[in-house]
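These notes are about the structure you will find just below.
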Amino acid sequence: MFRAARRDVLVRDDWRIDMARLGRLVDGGVRPLVGTVALAGALVASACVGDIGGNASPAPPDSGPSCHDCASGTYAPIEARRLTRHELAAVMRDLLGVDVADRLEALPVDAQTPFDNDYTTQAASASLIEGANLVARKLAEDLLEQRAPLEALLPCAPTGPADDACLKDFIATFGRRALRRPLTTDEVDELATLGDFSVEEDDFLVGVSLVMSAMLQDLSFLYRVEIGEPVPDHPELRRLDGFELASRLSFLLWGTGPDDALLDAAEAGKLDTVDGLRDVAKSMLGDTRARAQVARFHALWLDYDRMPIDPNLAASMTKETEALIDRVVFDDGRPWSELFTFSETFVDPELAAHYGFSAVSSPGWVTYPDPGRRQGLLSHGAFLTVGGKFGDTSPVQRGKNIVERLLCRTIPPPPPNVDADDPPPLPPGATCKSERYTMVDEPACASCHTQLDPLGFGLENYGPDGAWRDVEVDDPTCEVTGEGHLLGFGDFNGAAELGTLIADSPEVSACLTQHLYQFAVGRAPTDQEQPLLELVSEGFHERGDFRGLLIDLVASDAFRFLKIEP
């Protein structure tokens with residue numbers, strides 16, 4: 001077999017595009033040619049920066065390729081977005097039929113703000129270039145050695161190592177999925193030169209593995225590069241073409257790249273009108289991948305995607321919350337607000353015992369035995385594991401999580417002279433936790449802690465693993481009352497009453513809409529986009545349909561258009 005170093009030189013040098021070529025690509029609206037991630041830095045540093053248009057009202061039915069109000073729409077910047085580790089793992093699994101998640105450790109870790117797809121935190125770097133090269137090259141070598149996975153990718157039966165027609169057929173079909181658009185004839189021909197190594201090694205799969213390795217390092221694979229098409233009479237605007245919209249749809253609704261059916265829909269023009277886009281999005285939401293993506297959005301948003309507890313118990317809690325989201329959003333089509341008020345939950349024997357429920361013999365739905373204690377998502381162990389500190393629950397952290405994540409209220413950081421990593425000091429004569437947390441009485445701290453501490457104390461009956469408790473862990477003489485207060489809402493006792501208190505709140509609906517939009521566009525919304533968010537949020541609050549909220553977002557001009565800065 002030829003040396004890995006020789007293969008590395010081939011991929012790292014022969015498939016390089018320079019900055020001038022990239023500039024022509026951006027300025028001329030031409031599609032990227034095959035090139036390695038070595039140029040990702042040039043892309044981010046170059047002129048490939050546009051604006052995502054957002055109108056204060058969605059486009060009317062059958063508006064076709066035109067925007068609703070091109071001249072007066074509101075806009076905010078968007079840049080090329082690198083695929084996250086999670087997205088790369090999903091795309092490679094779909095492309096190759098193998099699980100590659102554990103191979104991506106060589107790539108930079110994605111920051112969570114709270115989502116992992118925030119492009120403002122991404123930066124091209126030597127570690128990204130080397131990591132992408134290492135992942136692609138090692139994966140190609142391993143699959144070549146296994147052979148069966150590569151053979152499964154072939155759309156034809158090669159007649160021998162020099163079967164150029166079969167190799168080009170593979171390049172066209174695999175490349176369409178990998179780069180999320182059809183390849184040009186020049187691109188296919190250029191990649192087909194790798195077949196020379198198949199002849200040299202007397203093995204057709206050698207060329208296949210090299211093509212695969214090159215594409216997995218390609219700019220168009222690792223990044224979502226959006227160029228768009230000109231909008232008549234509006235030279236500052238560009239409408240995303242069908243393939244670009246297919247990528248936006250699939251990464252938002254499925255968490256992976258578009259499949260052949262979605263690419264076919266794009267090629268057939270089914271995404272060119274608002275009505276067509278809505279129909280395709282509605283169909284996509286019927287796929288199981290949409291359920292997993294909606295569950296992941298909620299886990300990232302509410303910060304329970306990584307639970308600091310026993311992995312087996314965490315898995316049971318994850319299934320509980322995913323089952324609730326599936327039932328409310330997909331199976332029953334209930335108002336999204338019922339996530340906070342649902343009277344049943346999904347438990348297995350371990351989780352039922354952990355919660356103190358009657359024993360169950362197998363996983364399934366049960367009615368809460370004491371609805372005063374538990375009801376809806378806020379009483380789930382997954383949610384209640386968030387906000388632990390100092391080996392116990394932290395009322396401050398729990399309150400902060402709810403205020404920031406569910407209500408989108410801004411809590412400033414503590415003053416420089418306050419070390420939040422130190423436990424609160426014990427006042428003279430104090431024994432119980434409620435007596436130790438006294439920041440609400442400090443004038444300099446009261447504005448924040450009045451919002452946080454009473455809210456967090458309302459959940460103190462639930463320990464750091466979500467189990468119920470009547471007394472404090474360190475002092476059984478200290479009774480936990482569960483009395484709490486949410487500023488602007490009122491008093492409550494425990495997660496069940498808190499869920500009822502906030503379920504129908506416009507503030508929660510608006511916060512959800514803001515976070516969903518952030519998840520969709522890969523950055524926090526700007527002030528310019530608030531009119532769109534307010535309108536969509538009002539409609540969602542009236543209907544309560546989470547799937548409808550997703551469809552409204554993808555049908556908006558904000559999802560379909562770019563504005564290019566001078």
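Residue numbering restarts at 1 in every chain; chains get A, B, ... in the order shown in the structure tokens, and ligands count up from 1 in that same order.
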
Sorted by chain and rising residue number, which residues of region 261-302 of chain A lie within 12 Å of region 331-354 of chain A, and what are their closest atom pairs and distances in Å to one decimal, counting only C-alpha atoms, as a tab-separated table?
```
residue	atom	partner	partner_atom	distance
A:Leu285	CA	A:Asp331	CA	11.6
A:Gly286	CA	A:Asp331	CA	10.1
A:Thr288	CA	A:Asp331	CA	11.5
A:Arg291	CA	A:Asp331	CA	10.2
A:Val294	CA	A:Trp336	CA	12.0
A:His298	CA	A:Leu339	CA	11.0
```

Identify, on the basis of only C-alpha atoms, every residue whose closest approach to region 512-521 of chain A does not exceed 7 Å; exclude the query and any residue fewer than 4 positions from it along the same chain; express the result as a JSON list (two decimals) with N, CA and C atoms, in the first residue's frame.
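The resulting result.json:
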```
[["chain", "number", "residue", "atom", "x", "y", "z"],
["A", 115, "PHE", "N", -26.01, 27.06, 23.11],
["A", 115, "PHE", "CA", -25.95, 26.05, 22.06],
["A", 115, "PHE", "C", -24.53, 25.90, 21.54],
["A", 252, "LEU", "N", -31.27, 22.34, 11.03],
["A", 252, "LEU", "CA", -32.16, 22.84, 12.07],
["A", 252, "LEU", "C", -33.12, 21.76, 12.55],
["A", 508, "VAL", "N", -42.29, 33.49, 28.87],
["A", 508, "VAL", "CA", -41.66, 32.21, 28.56],
["A", 508, "VAL", "C", -41.75, 31.92, 27.06],
["A", 525, "PRO", "N", -29.78, 36.66, 18.79],
["A", 525, "PRO", "CA", -30.49, 37.65, 17.98],
["A", 525, "PRO", "C", -30.01, 39.06, 18.29],
["A", 533, "LEU", "N", -39.10, 38.50, 15.93],
["A", 533, "LEU", "CA", -39.25, 37.59, 17.06],
["A", 533, "LEU", "C", -40.53, 37.88, 17.84],
["A", 537, "SER", "N", -43.39, 35.19, 18.17],
["A", 537, "SER", "CA", -43.67, 34.79, 19.55],
["A", 537, "SER", "C", -45.14, 34.97, 19.90]]
```

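Using only C-alpha atoms, the shortest contact distance between Lys563 (chain A) and any of A:Lys138, A:Glu226, A:Asp272, A:Pro531 is found at A:Glu226.
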
request  = Based on DSSP run over this structure's backbone, return all residues of region 124-335 of chain A in alpha helix (DSSP H), as a count of residues only.
outcome  = 134

If you run DSSP on the backbone, which residues of region 289-375 of chain A are strand (DSSP E or B), as a PyMOL selection string?
chain A and resi 344-347+364-367

Of A:Leu324, A:Ala246, A:Ala90, A:Leu277, the one nearest to Asp264 (chain A) when counting only C-alpha atoms is A:Ala246

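With CA of Arg296 (chain A) on one side and CA of Gly484 (chain A) on the other, the separation reads 29.1 Å.
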
- prompt: Using only C-alpha atoms, which residues sit within 7 Å of Gly207 (chain A) once same-chain residues fewer than 6 positions away are excluded, as a list in words?
  reply: Leu194, Gly195, Phe197 and Ser198 of chain A

Closest of A:Ile402, A:Ala467, A:Ala89, A:Val396 to Ser434 (chain A), counting only C-alpha atoms, is A:Val396

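The residue that comes closest to His541 (chain A), out of A:Arg405, A:Arg560, A:Ala503, A:Thr481 and on the basis of only C-alpha atoms, is A:Ala503.
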
**Close residues, Tyr223 (chain A) itself excluded, 7 Å, only C-alpha atoms, min 4 positions apart in chain, as a count of residues only** = 5

- prompt: Can you tell me, as a list of chain:residue names, what residues are no more than 10 Å from Ala265 (chain A) when counting only C-alpha atoms, ignoring any on the same chain fewer than 5 positions away?
  reply: A:Gly242, A:Phe243, A:Ala246, A:Asp260, A:Lys270, A:Leu271, A:Asp272, A:Gly276, A:Leu277, A:Val280

(request) Just the residues within 10 Å of Ala299 (chain A), please, counting only C-alpha atoms, with nothing from its chain fewer than 6 positions along; format it as a PyMOL selection string. (result) chain A and resi 114-115+293+305-306+318+321-322+382-383

How about saving the chosen residues, N, CA and C atoms kept, as a PDB file, in the first residue's frame?
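Okay, selection.pdb is ready:
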```pdb
ATOM      1  N   PRO A 114     -26.099  29.166  24.875  1.00  0.00           N
ATOM      2  CA  PRO A 114     -25.988  27.830  25.446  1.00  0.00           C
ATOM      3  C   PRO A 114     -25.876  26.721  24.410  1.00  0.00           C
ATOM      4  N   PHE A 115     -26.006  27.060  23.107  1.00  0.00           N
ATOM      5  CA  PHE A 115     -25.954  26.051  22.057  1.00  0.00           C
ATOM      6  C   PHE A 115     -24.531  25.899  21.542  1.00  0.00           C
ATOM      7  N   GLN A 293     -33.794  15.902  17.445  1.00  0.00           N
ATOM      8  CA  GLN A 293     -33.284  17.270  17.374  1.00  0.00           C
ATOM      9  C   GLN A 293     -34.048  18.204  18.297  1.00  0.00           C
ATOM     10  N   ASP A 305     -28.117  18.792  29.264  1.00  0.00           N
ATOM     11  CA  ASP A 305     -27.538  17.846  28.309  1.00  0.00           C
ATOM     12  C   ASP A 305     -26.390  17.051  28.927  1.00  0.00           C
ATOM     13  N   ARG A 306     -25.775  17.576  29.987  1.00  0.00           N
ATOM     14  CA  ARG A 306     -24.689  16.852  30.680  1.00  0.00           C
ATOM     15  C   ARG A 306     -24.998  16.861  32.172  1.00  0.00           C
ATOM     16  N   THR A 318     -32.968  11.158  31.101  1.00  0.00           N
ATOM     17  CA  THR A 318     -33.027  11.652  29.731  1.00  0.00           C
ATOM     18  C   THR A 318     -34.211  11.050  28.992  1.00  0.00           C
ATOM     19  N   THR A 321     -37.526  12.740  30.089  1.00  0.00           N
ATOM     20  CA  THR A 321     -37.794  14.056  29.528  1.00  0.00           C
ATOM     21  C   THR A 321     -38.029  13.982  28.026  1.00  0.00           C
ATOM     22  N   GLU A 322     -37.278  13.155  27.320  1.00  0.00           N
ATOM     23  CA  GLU A 322     -37.503  13.001  25.883  1.00  0.00           C
ATOM     24  C   GLU A 322     -38.894  12.431  25.606  1.00  0.00           C
ATOM     25  N   ALA A 382     -33.745  15.354  35.333  1.00  0.00           N
ATOM     26  CA  ALA A 382     -32.811  15.967  34.389  1.00  0.00           C
ATOM     27  C   ALA A 382     -32.701  17.463  34.637  1.00  0.00           C
ATOM     28  N   PHE A 383     -33.829  18.137  34.753  1.00  0.00           N
ATOM     29  CA  PHE A 383     -33.822  19.582  34.981  1.00  0.00           C
ATOM     30  C   PHE A 383     -33.279  19.918  36.362  1.00  0.00           C
TER      31      PHE A 383
END
```

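The gap separating CA of Gln528 (chain A) from CA of Ile502 (chain A) is 27.4 Å, in Å to one decimal.
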
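Counting only C-alpha atoms, Arg177 (chain A) has the following residues at most 10 Å away, ignoring those fewer than 5 positions along the same chain: A:Val91, A:Asp94, A:Leu95, A:Ile171, A:Ala172, A:Pro182, A:Leu183, A:Phe221, A:Gly257, A:Pro258, A:Asp259, A:Asp260, A:Leu263.
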
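Here CA of Glu267 (chain A) is placed at a distance of 12.6 Å from CA of Ser247 (chain A).
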